[in-house]
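S.K.: Got a structure for you, my_file_8.pdb, holding PDB, C-alpha atoms and all ligand atoms.
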MODEL        1
ATOM      1  CA  MET A   1       0.000   0.000   0.000
ATOM      2  CA  SER A   2       1.489   3.332  -1.065
ATOM      3  CA  PRO A   3       1.381   6.084   1.506
ATOM      4  CA  PRO A   4       0.154   9.531   0.535
ATOM      5  CA  ARG A   5       2.845  12.088  -0.210
ATOM      6  CA  SER A   6       5.233  12.976   2.601
ATOM      7  CA  ALA A   7       4.098  16.615   2.484
ATOM      8  CA  PRO A   8       0.663  18.038   1.617
ATOM      9  CA  ARG A   9       0.050  18.305  -2.124
ATOM     10  CA  TYR A  10      -0.365  22.075  -1.963
ATOM     11  CA  THR A  11       3.311  22.397  -1.023
ATOM     12  CA  GLY A  12       6.074  22.673  -3.600
ATOM     13  CA  ILE A  13       6.464  24.270  -7.031
ATOM     14  CA  ARG A  14       3.546  23.772  -9.416
ATOM     15  CA  THR A  15       4.442  21.393 -12.199
ATOM     16  CA  PHE A  16       1.766  19.173 -13.758
ATOM     17  CA  ALA A  17       0.777  16.678 -11.018
ATOM     18  CA  SER A  18       4.002  17.641  -9.195
ATOM     19  CA  LEU A  19       6.022  15.733 -11.811
ATOM     20  CA  GLU A  20       9.701  16.434 -12.318
ATOM     21  CA  HIS A  21      10.479  19.533 -14.393
ATOM     22  CA  VAL A  22      12.882  18.774 -17.249
ATOM     23  CA  PRO A  23      13.300  21.820 -19.515
ATOM     24  CA  LEU A  24      12.646  21.328 -23.243
ATOM     25  CA  ALA A  25      16.306  21.760 -24.183
ATOM     26  CA  ALA A  26      17.444  19.168 -21.625
ATOM     27  CA  LEU A  27      14.761  16.742 -22.820
ATOM     28  CA  ALA A  28      15.848  17.104 -26.431
ATOM     29  CA  ALA A  29      19.489  16.500 -25.434
ATOM     30  CA  ALA A  30      18.779  13.424 -23.264
ATOM     31  CA  ASP A  31      20.003  10.047 -24.525
ATOM     32  CA  ALA A  32      17.587   7.273 -25.429
ATOM     33  CA  GLU A  33      18.065   5.451 -22.107
ATOM     34  CA  THR A  34      16.936   8.329 -19.936
ATOM     35  CA  ARG A  35      14.564  10.168 -22.262
ATOM     36  CA  ALA A  36      10.999  10.669 -21.026
ATOM     37  CA  GLU A  37       8.146   8.885 -22.794
ATOM     38  CA  VAL A  38       5.733  11.787 -22.449
ATOM     39  CA  ALA A  39       6.543  15.485 -22.072
ATOM     40  CA  ILE A  40       3.892  17.900 -20.863
ATOM     41  CA  VAL A  41       4.413  21.267 -22.554
ATOM     42  CA  GLY A  42       2.591  24.524 -21.876
ATOM     43  CA  ILE A  43       1.950  26.908 -24.790
ATOM     44  CA  PRO A  44       0.527  30.134 -23.328
ATOM     45  CA  PHE A  45      -0.579  31.793 -26.580
ATOM     46  CA  ASP A  46      -4.069  33.312 -26.858
ATOM     47  CA  THR A  47      -4.018  36.270 -29.251
ATOM     48  CA  ALA A  48      -5.683  34.391 -32.119
ATOM     49  CA  THR A  49      -9.048  34.099 -30.381
ATOM     50  CA  SER A  50     -12.243  35.500 -31.866
ATOM     51  CA  TRP A  51     -14.166  35.967 -28.603
ATOM     52  CA  ARG A  52     -12.717  35.539 -25.109
ATOM     53  CA  PRO A  53      -8.939  35.720 -24.602
ATOM     54  CA  GLY A  54      -7.241  34.337 -21.480
ATOM     55  CA  ALA A  55      -5.916  30.925 -22.541
ATOM     56  CA  ARG A  56      -2.394  32.276 -21.989
ATOM     57  CA  PHE A  57      -3.056  31.541 -18.324
ATOM     58  CA  ALA A  58      -4.268  27.970 -18.923
ATOM     59  CA  PRO A  59      -0.970  26.058 -18.542
ATOM     60  CA  GLU A  60      -0.451  27.601 -15.110
ATOM     61  CA  ALA A  61      -4.095  27.070 -14.039
ATOM     62  CA  ILE A  62      -4.222  23.462 -15.261
ATOM     63  CA  ARG A  63      -0.948  22.704 -13.489
ATOM     64  CA  SER A  64      -2.380  24.165 -10.264
ATOM     65  CA  ALA A  65      -5.563  22.074 -10.572
ATOM     66  CA  SER A  66      -3.535  18.957 -11.416
ATOM     67  CA  VAL A  67      -1.750  18.632  -8.094
ATOM     68  CA  LEU A  68      -4.816  16.780  -6.801
ATOM     69  CA  LEU A  69      -4.198  13.894  -9.255
ATOM     70  CA  ARG A  70      -2.933  10.564  -7.922
ATOM     71  CA  PRO A  71      -0.690   8.134  -9.814
ATOM     72  CA  TRP A  72      -2.930   5.045 -10.114
ATOM     73  CA  HIS A  73      -5.813   4.823 -12.645
ATOM     74  CA  PRO A  74      -8.340   2.375 -11.190
ATOM     75  CA  ARG A  75     -10.416   1.826 -14.386
ATOM     76  CA  HIS A  76      -7.495   1.149 -16.704
ATOM     77  CA  ARG A  77      -5.433  -0.399 -13.892
ATOM     78  CA  VAL A  78      -2.277   1.408 -14.902
ATOM     79  CA  GLU A  79       0.219   3.731 -13.203
ATOM     80  CA  VAL A  80      -0.195   7.049 -14.984
ATOM     81  CA  LEU A  81       2.314   9.331 -13.271
ATOM     82  CA  ARG A  82       5.539   7.349 -13.536
ATOM     83  CA  GLU A  83       8.637   9.136 -12.264
ATOM     84  CA  GLY A  84      11.038   9.868 -15.119
ATOM     85  CA  ALA A  85       8.699   8.489 -17.807
ATOM     86  CA  VAL A  86       6.337  11.470 -17.642
ATOM     87  CA  VAL A  87       7.836  14.912 -17.083
ATOM     88  CA  ASP A  88       6.778  18.543 -17.209
ATOM     89  CA  ALA A  89       8.915  20.362 -19.779
ATOM     90  CA  GLY A  90       7.663  23.840 -18.890
ATOM     91  CA  ASP A  91       6.397  26.320 -21.469
ATOM     92  CA  VAL A  92       7.304  27.198 -25.059
ATOM     93  CA  GLY A  93       8.425  30.803 -25.533
ATOM     94  CA  ILE A  94       5.777  32.382 -27.761
ATOM     95  CA  THR A  95       5.195  35.812 -29.335
ATOM     96  CA  PRO A  96       1.949  37.478 -28.233
ATOM     97  CA  GLY A  97       0.095  38.966 -31.197
ATOM     98  CA  ASN A  98       2.064  37.036 -33.792
ATOM     99  CA  ALA A  99       0.510  33.663 -34.599
ATOM    100  CA  ALA A 100       2.785  32.990 -37.579
ATOM    101  CA  ARG A 101       5.992  33.499 -35.591
ATOM    102  CA  THR A 102       4.530  31.581 -32.644
ATOM    103  CA  SER A 103       3.685  28.622 -34.904
ATOM    104  CA  ASP A 104       7.335  28.534 -35.995
ATOM    105  CA  GLN A 105       8.491  28.727 -32.366
ATOM    106  CA  ILE A 106       6.204  25.836 -31.365
ATOM    107  CA  ALA A 107       7.353  23.651 -34.258
ATOM    108  CA  ALA A 108      11.020  24.348 -33.447
ATOM    109  CA  ALA A 109      10.492  23.586 -29.749
ATOM    110  CA  LEU A 110       8.561  20.329 -30.251
ATOM    111  CA  SER A 111      10.275  18.864 -33.327
ATOM    112  CA  PRO A 112      13.277  17.432 -31.411
ATOM    113  CA  LEU A 113      10.873  15.571 -29.103
ATOM    114  CA  SER A 114       8.714  14.208 -31.926
ATOM    115  CA  ALA A 115      11.842  13.145 -33.814
ATOM    116  CA  GLU A 116      12.985  11.052 -30.841
ATOM    117  CA  GLY A 117       9.591   9.472 -30.243
ATOM    118  CA  THR A 118       8.688  11.378 -27.096
ATOM    119  CA  ALA A 119       4.941  11.928 -27.061
ATOM    120  CA  THR A 120       3.915  15.499 -26.276
ATOM    121  CA  LEU A 121       0.946  16.595 -24.215
ATOM    122  CA  VAL A 122       0.405  20.252 -25.014
ATOM    123  CA  LEU A 123      -1.529  22.475 -22.620
ATOM    124  CA  GLY A 124      -2.751  25.439 -24.724
ATOM    125  CA  GLY A 125      -3.221  28.191 -25.447
ATOM    126  CA  ASP A 126      -5.939  28.766 -28.002
ATOM    127  CA  HIS A 127      -6.437  26.179 -30.756
ATOM    128  CA  THR A 128      -3.955  27.950 -33.029
ATOM    129  CA  VAL A 129      -1.156  26.235 -31.111
ATOM    130  CA  ALA A 130      -2.086  22.935 -32.815
ATOM    131  CA  LEU A 131      -0.656  24.190 -36.127
ATOM    132  CA  GLY A 132       2.935  24.384 -34.832
ATOM    133  CA  GLU A 133       2.414  21.156 -32.925
ATOM    134  CA  LEU A 134       1.265  19.330 -36.092
ATOM    135  CA  ARG A 135       4.248  20.715 -38.012
ATOM    136  CA  ALA A 136       6.498  19.028 -35.437
ATOM    137  CA  HIS A 137       4.666  15.695 -35.696
ATOM    138  CA  ALA A 138       4.548  15.731 -39.500
ATOM    139  CA  ALA A 139       8.232  16.699 -39.851
ATOM    140  CA  GLY A 140       9.257  13.107 -39.255
ATOM    141  CA  ALA A 141       6.133  11.078 -39.834
ATOM    142  CA  GLY A 142       4.491  12.843 -42.782
ATOM    143  CA  PRO A 143       0.799  13.747 -42.683
ATOM    144  CA  VAL A 144      -0.630  12.423 -39.406
ATOM    145  CA  PRO A 145      -4.024  10.989 -38.499
ATOM    146  CA  LEU A 146      -5.792  13.571 -36.322
ATOM    147  CA  LEU A 147      -8.649  12.953 -33.916
ATOM    148  CA  VAL A 148     -10.290  16.212 -32.806
ATOM    149  CA  ILE A 149     -12.933  16.575 -30.110
ATOM    150  CA  ASP A 150     -14.322  20.094 -30.485
ATOM    151  CA  ALA A 151     -17.630  21.964 -30.814
ATOM    152  CA  HIS A 152     -16.246  23.574 -33.991
ATOM    153  CA  ALA A 153     -14.537  22.153 -37.066
ATOM    154  CA  ASP A 154     -11.943  24.986 -37.128
ATOM    155  CA  THR A 155     -11.829  24.790 -40.910
ATOM    156  CA  TRP A 156     -12.784  28.377 -41.706
ATOM    157  CA  ASP A 157     -10.470  30.157 -44.146
ATOM    158  CA  GLU A 158      -9.730  33.447 -42.412
ATOM    159  CA  TYR A 159     -10.850  35.881 -39.723
ATOM    160  CA  TYR A 160     -10.550  39.626 -40.406
ATOM    161  CA  GLY A 161      -7.880  38.836 -42.975
ATOM    162  CA  GLU A 162      -5.878  36.659 -40.548
ATOM    163  CA  ARG A 163      -5.204  33.179 -41.908
ATOM    164  CA  ILE A 164      -3.619  31.696 -38.758
ATOM    165  CA  PHE A 165      -6.408  31.919 -36.200
ATOM    166  CA  HIS A 166      -7.991  29.570 -33.690
ATOM    167  CA  GLY A 167     -10.880  28.795 -36.052
ATOM    168  CA  THR A 168      -8.632  28.082 -39.073
ATOM    169  CA  PHE A 169      -5.923  25.766 -37.731
ATOM    170  CA  LEU A 170      -7.291  22.580 -39.279
ATOM    171  CA  ARG A 171      -7.692  24.048 -42.778
ATOM    172  CA  ARG A 172      -4.116  25.390 -42.617
ATOM    173  CA  ALA A 173      -2.797  22.036 -41.356
ATOM    174  CA  ILE A 174      -4.456  20.185 -44.251
ATOM    175  CA  GLU A 175      -3.184  22.751 -46.775
ATOM    176  CA  GLU A 176       0.345  22.313 -45.388
ATOM    177  CA  ASP A 177      -0.022  18.512 -45.698
ATOM    178  CA  LEU A 178       0.526  18.036 -41.952
ATOM    179  CA  VAL A 179      -2.714  16.089 -41.484
ATOM    180  CA  ASP A 180      -4.128  13.242 -43.564
ATOM    181  CA  PRO A 181      -7.832  14.155 -43.746
ATOM    182  CA  ALA A 182      -8.766  10.667 -44.941
ATOM    183  CA  ARG A 183      -7.549   9.350 -41.568
ATOM    184  CA  SER A 184      -8.949  12.225 -39.498
ATOM    185  CA  LEU A 185     -12.146  12.817 -37.585
ATOM    186  CA  VAL A 186     -13.731  15.819 -35.821
ATOM    187  CA  ALA A 187     -16.323  14.913 -33.187
ATOM    188  CA  GLY A 188     -18.634  16.959 -30.973
ATOM    189  CA  LEU A 189     -19.820  19.551 -33.516
ATOM    190  CA  ARG A 190     -22.689  21.793 -32.499
ATOM    191  CA  GLY A 191     -23.798  25.381 -32.294
ATOM    192  CA  SER A 192     -24.715  28.064 -34.792
ATOM    193  CA  LEU A 193     -22.716  28.466 -38.002
ATOM    194  CA  TYR A 194     -21.854  31.328 -40.358
ATOM    195  CA  SER A 195     -23.412  29.741 -43.435
ATOM    196  CA  PRO A 196     -25.307  26.636 -44.615
ATOM    197  CA  THR A 197     -22.145  25.319 -46.269
ATOM    198  CA  ASP A 198     -19.779  25.475 -43.250
ATOM    199  CA  LEU A 199     -19.944  21.746 -42.541
ATOM    200  CA  GLU A 200     -19.941  20.750 -46.217
ATOM    201  CA  ASP A 201     -16.828  22.892 -46.660
ATOM    202  CA  ALA A 202     -15.149  20.943 -43.860
ATOM    203  CA  ARG A 203     -16.196  17.606 -45.399
ATOM    204  CA  ALA A 204     -14.907  18.810 -48.779
ATOM    205  CA  LEU A 205     -11.432  18.877 -47.211
ATOM    206  CA  GLY A 206     -11.790  15.121 -46.750
ATOM    207  CA  LEU A 207     -12.601  15.132 -43.026
ATOM    208  CA  GLU A 208     -15.171  12.948 -41.312
ATOM    209  CA  LEU A 209     -17.454  14.971 -39.032
ATOM    210  CA  VAL A 210     -19.474  13.657 -36.083
ATOM    211  CA  THR A 211     -22.073  15.970 -34.542
ATOM    212  CA  ILE A 212     -22.747  15.975 -30.797
ATOM    213  CA  GLU A 213     -26.063  14.174 -31.434
ATOM    214  CA  GLU A 214     -24.299  11.453 -33.434
ATOM    215  CA  LEU A 215     -21.588  11.211 -30.778
ATOM    216  CA  ARG A 216     -24.167  10.634 -28.046
ATOM    217  CA  ALA A 217     -25.951   8.028 -30.175
ATOM    218  CA  LEU A 218     -22.653   6.196 -30.778
ATOM    219  CA  GLY A 219     -21.686   6.202 -27.108
ATOM    220  CA  PRO A 220     -18.051   5.890 -25.987
ATOM    221  CA  ASP A 221     -17.459   2.391 -27.416
ATOM    222  CA  GLY A 222     -19.079   3.187 -30.773
ATOM    223  CA  PHE A 223     -17.117   6.413 -31.012
ATOM    224  CA  ALA A 224     -13.840   4.663 -30.194
ATOM    225  CA  ALA A 225     -14.503   1.896 -32.744
ATOM    226  CA  GLY A 226     -15.180   4.540 -35.392
ATOM    227  CA  ALA A 227     -12.047   6.463 -34.399
ATOM    228  CA  ARG A 228      -9.878   3.337 -34.707
ATOM    229  CA  ALA A 229     -11.434   2.494 -38.072
ATOM    230  CA  ARG A 230     -10.891   6.022 -39.354
ATOM    231  CA  CYS A 231      -7.571   7.078 -37.753
ATOM    232  CA  GLY A 232      -5.877   3.696 -37.267
ATOM    233  CA  SER A 233      -4.173   2.703 -34.055
ATOM    234  CA  GLU A 234      -0.637   4.096 -34.488
ATOM    235  CA  GLY A 235       0.805   7.606 -34.431
ATOM    236  CA  VAL A 236      -2.521   9.379 -33.972
ATOM    237  CA  VAL A 237      -2.659  12.946 -32.607
ATOM    238  CA  LEU A 238      -5.562  13.704 -30.244
ATOM    239  CA  SER A 239      -6.628  17.351 -29.995
ATOM    240  CA  PHE A 240      -9.218  18.177 -27.339
ATOM    241  CA  ASP A 241     -10.840  21.600 -27.370
ATOM    242  CA  ILE A 242     -12.437  22.158 -23.957
ATOM    243  CA  ASP A 243     -15.423  23.799 -25.702
ATOM    244  CA  ALA A 244     -16.547  20.259 -26.608
ATOM    245  CA  VAL A 245     -17.705  20.204 -22.990
ATOM    246  CA  ASP A 246     -20.913  21.935 -21.955
ATOM    247  CA  PRO A 247     -20.435  25.396 -20.393
ATOM    248  CA  SER A 248     -22.096  24.074 -17.220
ATOM    249  CA  ALA A 249     -19.006  21.894 -16.684
ATOM    250  CA  ALA A 250     -16.423  24.001 -18.551
ATOM    251  CA  PRO A 251     -17.553  27.638 -18.616
ATOM    252  CA  ALA A 252     -14.060  29.113 -18.921
ATOM    253  CA  THR A 253     -13.356  28.799 -22.624
ATOM    254  CA  GLY A 254     -12.777  31.032 -25.627
ATOM    255  CA  THR A 255     -15.926  30.257 -27.620
ATOM    256  CA  PRO A 256     -18.559  28.533 -25.455
ATOM    257  CA  GLU A 257     -21.410  26.523 -27.040
ATOM    258  CA  VAL A 258     -24.342  25.153 -25.045
ATOM    259  CA  GLY A 259     -25.435  21.515 -25.272
ATOM    260  CA  GLY A 260     -22.019  19.885 -24.945
ATOM    261  CA  LEU A 261     -20.614  16.885 -23.123
ATOM    262  CA  SER A 262     -20.914  16.498 -19.377
ATOM    263  CA  ALA A 263     -17.750  15.962 -17.327
ATOM    264  CA  ALA A 264     -18.588  12.266 -16.928
ATOM    265  CA  GLU A 265     -19.262  11.823 -20.670
ATOM    266  CA  THR A 266     -15.975  13.545 -21.443
ATOM    267  CA  LEU A 267     -13.971  11.120 -19.320
ATOM    268  CA  ALA A 268     -15.837   8.142 -20.792
ATOM    269  CA  PHE A 269     -15.212   9.210 -24.422
ATOM    270  CA  VAL A 270     -11.485   9.752 -23.807
ATOM    271  CA  ARG A 271     -11.099   6.524 -21.801
ATOM    272  CA  ALA A 272     -12.713   4.550 -24.615
ATOM    273  CA  LEU A 273      -9.736   5.406 -26.851
ATOM    274  CA  ALA A 274      -7.575   2.807 -25.062
ATOM    275  CA  GLY A 275      -5.856   0.680 -27.688
ATOM    276  CA  ILE A 276      -4.717   3.581 -29.868
ATOM    277  CA  THR A 277      -1.069   4.680 -29.667
ATOM    278  CA  PHE A 278      -0.865   8.468 -29.758
ATOM    279  CA  ALA A 279       2.093  10.494 -31.033
ATOM    280  CA  GLY A 280       0.776  13.527 -29.196
ATOM    281  CA  PHE A 281      -2.095  15.131 -27.384
ATOM    282  CA  ASP A 282      -3.276  18.641 -26.782
ATOM    283  CA  LEU A 283      -5.836  20.269 -24.556
ATOM    284  CA  VAL A 284      -6.717  23.789 -25.667
ATOM    285  CA  GLU A 285      -8.992  26.800 -25.157
ATOM    286  CA  VAL A 286      -9.216  26.857 -21.349
ATOM    287  CA  SER A 287      -9.505  30.528 -20.344
ATOM    288  CA  PRO A 288      -8.961  30.710 -16.557
ATOM    289  CA  PRO A 289     -10.067  34.358 -16.105
ATOM    290  CA  TYR A 290     -13.618  33.148 -16.906
ATOM    291  CA  ASP A 291     -13.531  30.257 -14.440
ATOM    292  CA  PRO A 292     -15.673  30.572 -11.294
ATOM    293  CA  PRO A 293     -13.914  30.563  -7.903
ATOM    294  CA  ALA A 294     -13.946  26.746  -7.792
ATOM    295  CA  GLN A 295     -11.895  26.581 -11.031
ATOM    296  CA  ILE A 296     -14.084  23.816 -12.452
ATOM    297  CA  THR A 297     -12.839  24.201 -16.036
ATOM    298  CA  SER A 298      -9.192  23.895 -15.077
ATOM    299  CA  LEU A 299     -10.030  20.981 -12.789
ATOM    300  CA  LEU A 300     -11.754  19.106 -15.615
ATOM    301  CA  ALA A 301      -8.922  20.026 -17.994
ATOM    302  CA  ALA A 302      -6.348  18.567 -15.584
ATOM    303  CA  ASN A 303      -8.382  15.359 -15.449
ATOM    304  CA  ILE A 304      -8.691  15.153 -19.252
ATOM    305  CA  ALA A 305      -4.905  15.529 -19.463
ATOM    306  CA  TYR A 306      -4.624  12.731 -16.900
ATOM    307  CA  GLU A 307      -6.830  10.494 -19.086
ATOM    308  CA  MET A 308      -4.520  11.269 -22.017
ATOM    309  CA  LEU A 309      -1.499  10.266 -19.922
ATOM    310  CA  ALA A 310      -3.339   7.059 -19.016
ATOM    311  CA  LEU A 311      -3.782   6.275 -22.744
ATOM    312  CA  ALA A 312      -0.025   6.790 -23.169
ATOM    313  CA  ALA A 313       0.719   4.526 -20.185
ATOM    314  CA  LEU A 314      -1.521   1.815 -21.646
ATOM    315  CA  ALA A 315       0.249   2.073 -25.005
ATOM    316  CA  ARG A 316       3.588   1.617 -23.270
ATOM    317  CA  ALA A 317       2.302  -1.432 -21.365
ATOM    318  CA  ARG A 318       1.228  -3.168 -24.629
TER
HETATM  319 MN    MN B 401     -11.185  24.457 -31.572
ENDMDL
END
Please go through the file and, once you have read it, give me the structure as structure tokens.
Ligand SMILES: [Mn+2]

M.R.:
Amino acid sequence: MSPPRSAPRYTGIRTFASLEHVPLAALAAADAETRAEVAIVGIPFDTATSWRPGARFAPEAIRSASVLLRPWHPRHRVEVLREGAVVDAGDVGITPGNAARTSDQIAAALSPLSAEGTATLVLGGDHTVALGELRAHAAGAGPVPLLVIDAHADTWDEYYGERIFHGTFLRRAIEEDLVDPARSLVAGLRGSLYSPTDLEDARALGLELVTIEELRALGPDGFAAGARARCGSEGVVLSFDIDAVDPSAAPATGTPEVGGLSAAETLAFVRALAGITFAGFDLVEVSPPYDPPAQITSLLAANIAYEMLALAALARAR
């Protein structure tokens, strides 16, 4: 029987789940024997949002909420927080107000990890950060299969003349040949649209779309079976936009949409993805300034990240 920590969990410096901090540069330079399997990386960029800003504070807020997490996952029966195997690499240096330069900075920071087979778990930032992240994954592997859970398809062409924006990242990633749309899926779609062709335009890129109603009808196991059939079971990137969750459970987000997943549904849908090996994960669009005093959005976000780490631990155990 493991004892609880020797000191209360609210002591110490806030890394994700109090994991060891290994800076990005040190991680990239580590030899194969000692290299971490998963690196948690904060990307505090939020100046490509169309509504609420604030996601620049998400890595810090999610880390603070995460100190409540314990190492053992009782459903999957796996140790999630393994010393040395999972580390917190700190944050990527970004450029506020410059999404193009920031995308380059993200790709440069993450590419050495992707090249060495270290999975990345990115804590955004608005959804724009996925573009640089996907550049890093595709640099070695070619166009990747992408599984997105999001209220929005993020396939619009431009906002106010800006082509790198949080609602355009997926169209840019497909144009840059970073994502293989034929092996990619966006699930959780809902809410009002700009025009009757918005969803057809996304499908015309080659993506499969699953609305929130279809997702509920499928249930976690049906969704996961469809995801495996579509994306395959190797080298998949999972991108989770917290606005897939209903504002009653995740109010603090850039572009809230009512009628989303509950907290319990969210955990069940992510858990069902056991059996897929992921090259990377991200969790984006948490905007802590809009969280109520109990920080429920950051708390759920920390637990979604934990479920992602559990999927990585299961992949390692196979
Ligand atoms: Mn999004």

S.K.: The PyMOL selection byres (((chain A and resi 166-180) around 7) and not hetatm) on the file shown: which residues, as a VMD selection string?

M.R.: chain A and resid 48 to 49 126 to 128 130 to 131 134 to 135 138 142 to 146 154 to 158 163 to 165 181 to 184

S.K.: Apply the PyMOL selection byres (((chain A and resi 82) around 10) and not hetatm) to the displayed file and report the matching residues as a list in words.

M.R.: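 When the PyMOL selection byres (((chain A and resi 82) around 10) and not hetatm) is applied to the shown file, the picked residues are Leu19, Ala36, Glu37, Val38, Pro71, Trp72, Val78, Glu79, Val80, Leu81, Glu83, Gly84, Ala85, Val86, Val87, Leu309 and Ala313 of chain A.
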
S.K.: Between A:Glu285, A:Glu213, A:Asp198, A:Glu162, which one has atoms that come closest to ligand MN 401 (chain B), using all atoms listed in the file?

M.R.: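 Smallest distance to ligand MN 401 (chain B) is found for A:Glu285.
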
S.K.: Quick one: distance from atom CA of Phe16 of chain A to atom CA of Ala302 of chain A in Å, one decimal?

M.R.: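 One can read the atom CA of Phe16 of chain A to atom CA of Ala302 of chain A distance as 8.3 Å.
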
S.K.: Pick the closest to Thr11 of chain A from A:Ser114, A:Ser64, A:Thr34, A:Ser298: which is it, counting all atoms listed in the file?

M.R.: A:Ser64

S.K.: Check the smallest atom-to-atom distance from each of A:Cys231, A:Val258, A:Leu311, A:Ala153 to ligand MN 401 (chain B) using all atoms listed in the file, then report the winner.

M.R.: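 Among the listed residues, A:Ala153 lies closest to ligand MN 401 (chain B).
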
S.K.: I need the residue nearest Asn303 of chain A from this list: A:Val41, A:Val122, A:Ala136, A:Val67. Use only C-alpha atoms for the distance.

M.R.: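 Of A:Val41, A:Val122, A:Ala136, A:Val67, the one nearest Asn303 of chain A, counting only C-alpha atoms, is A:Val67.
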
S.K.: Please provide as a PyMOL selection string all residues within 6 Å of Phe45 of chain A, with the sequence filter that same-chain residues fewer than 2 positions apart are discarded (counting only C-alpha atoms).

M.R.: chain A and resi 43+56+125

S.K.: Can you list, as a PyMOL selection string, every protein, DNA or RNA residue that comes within 9 Å of segment 270-274 of chain A when you count only C-alpha atoms, leaving out same-chain residues fewer than 5 positions away?

M.R.: chain A and resi 75-76+220-225+227-228+265+304+307-308+310-312+314-315
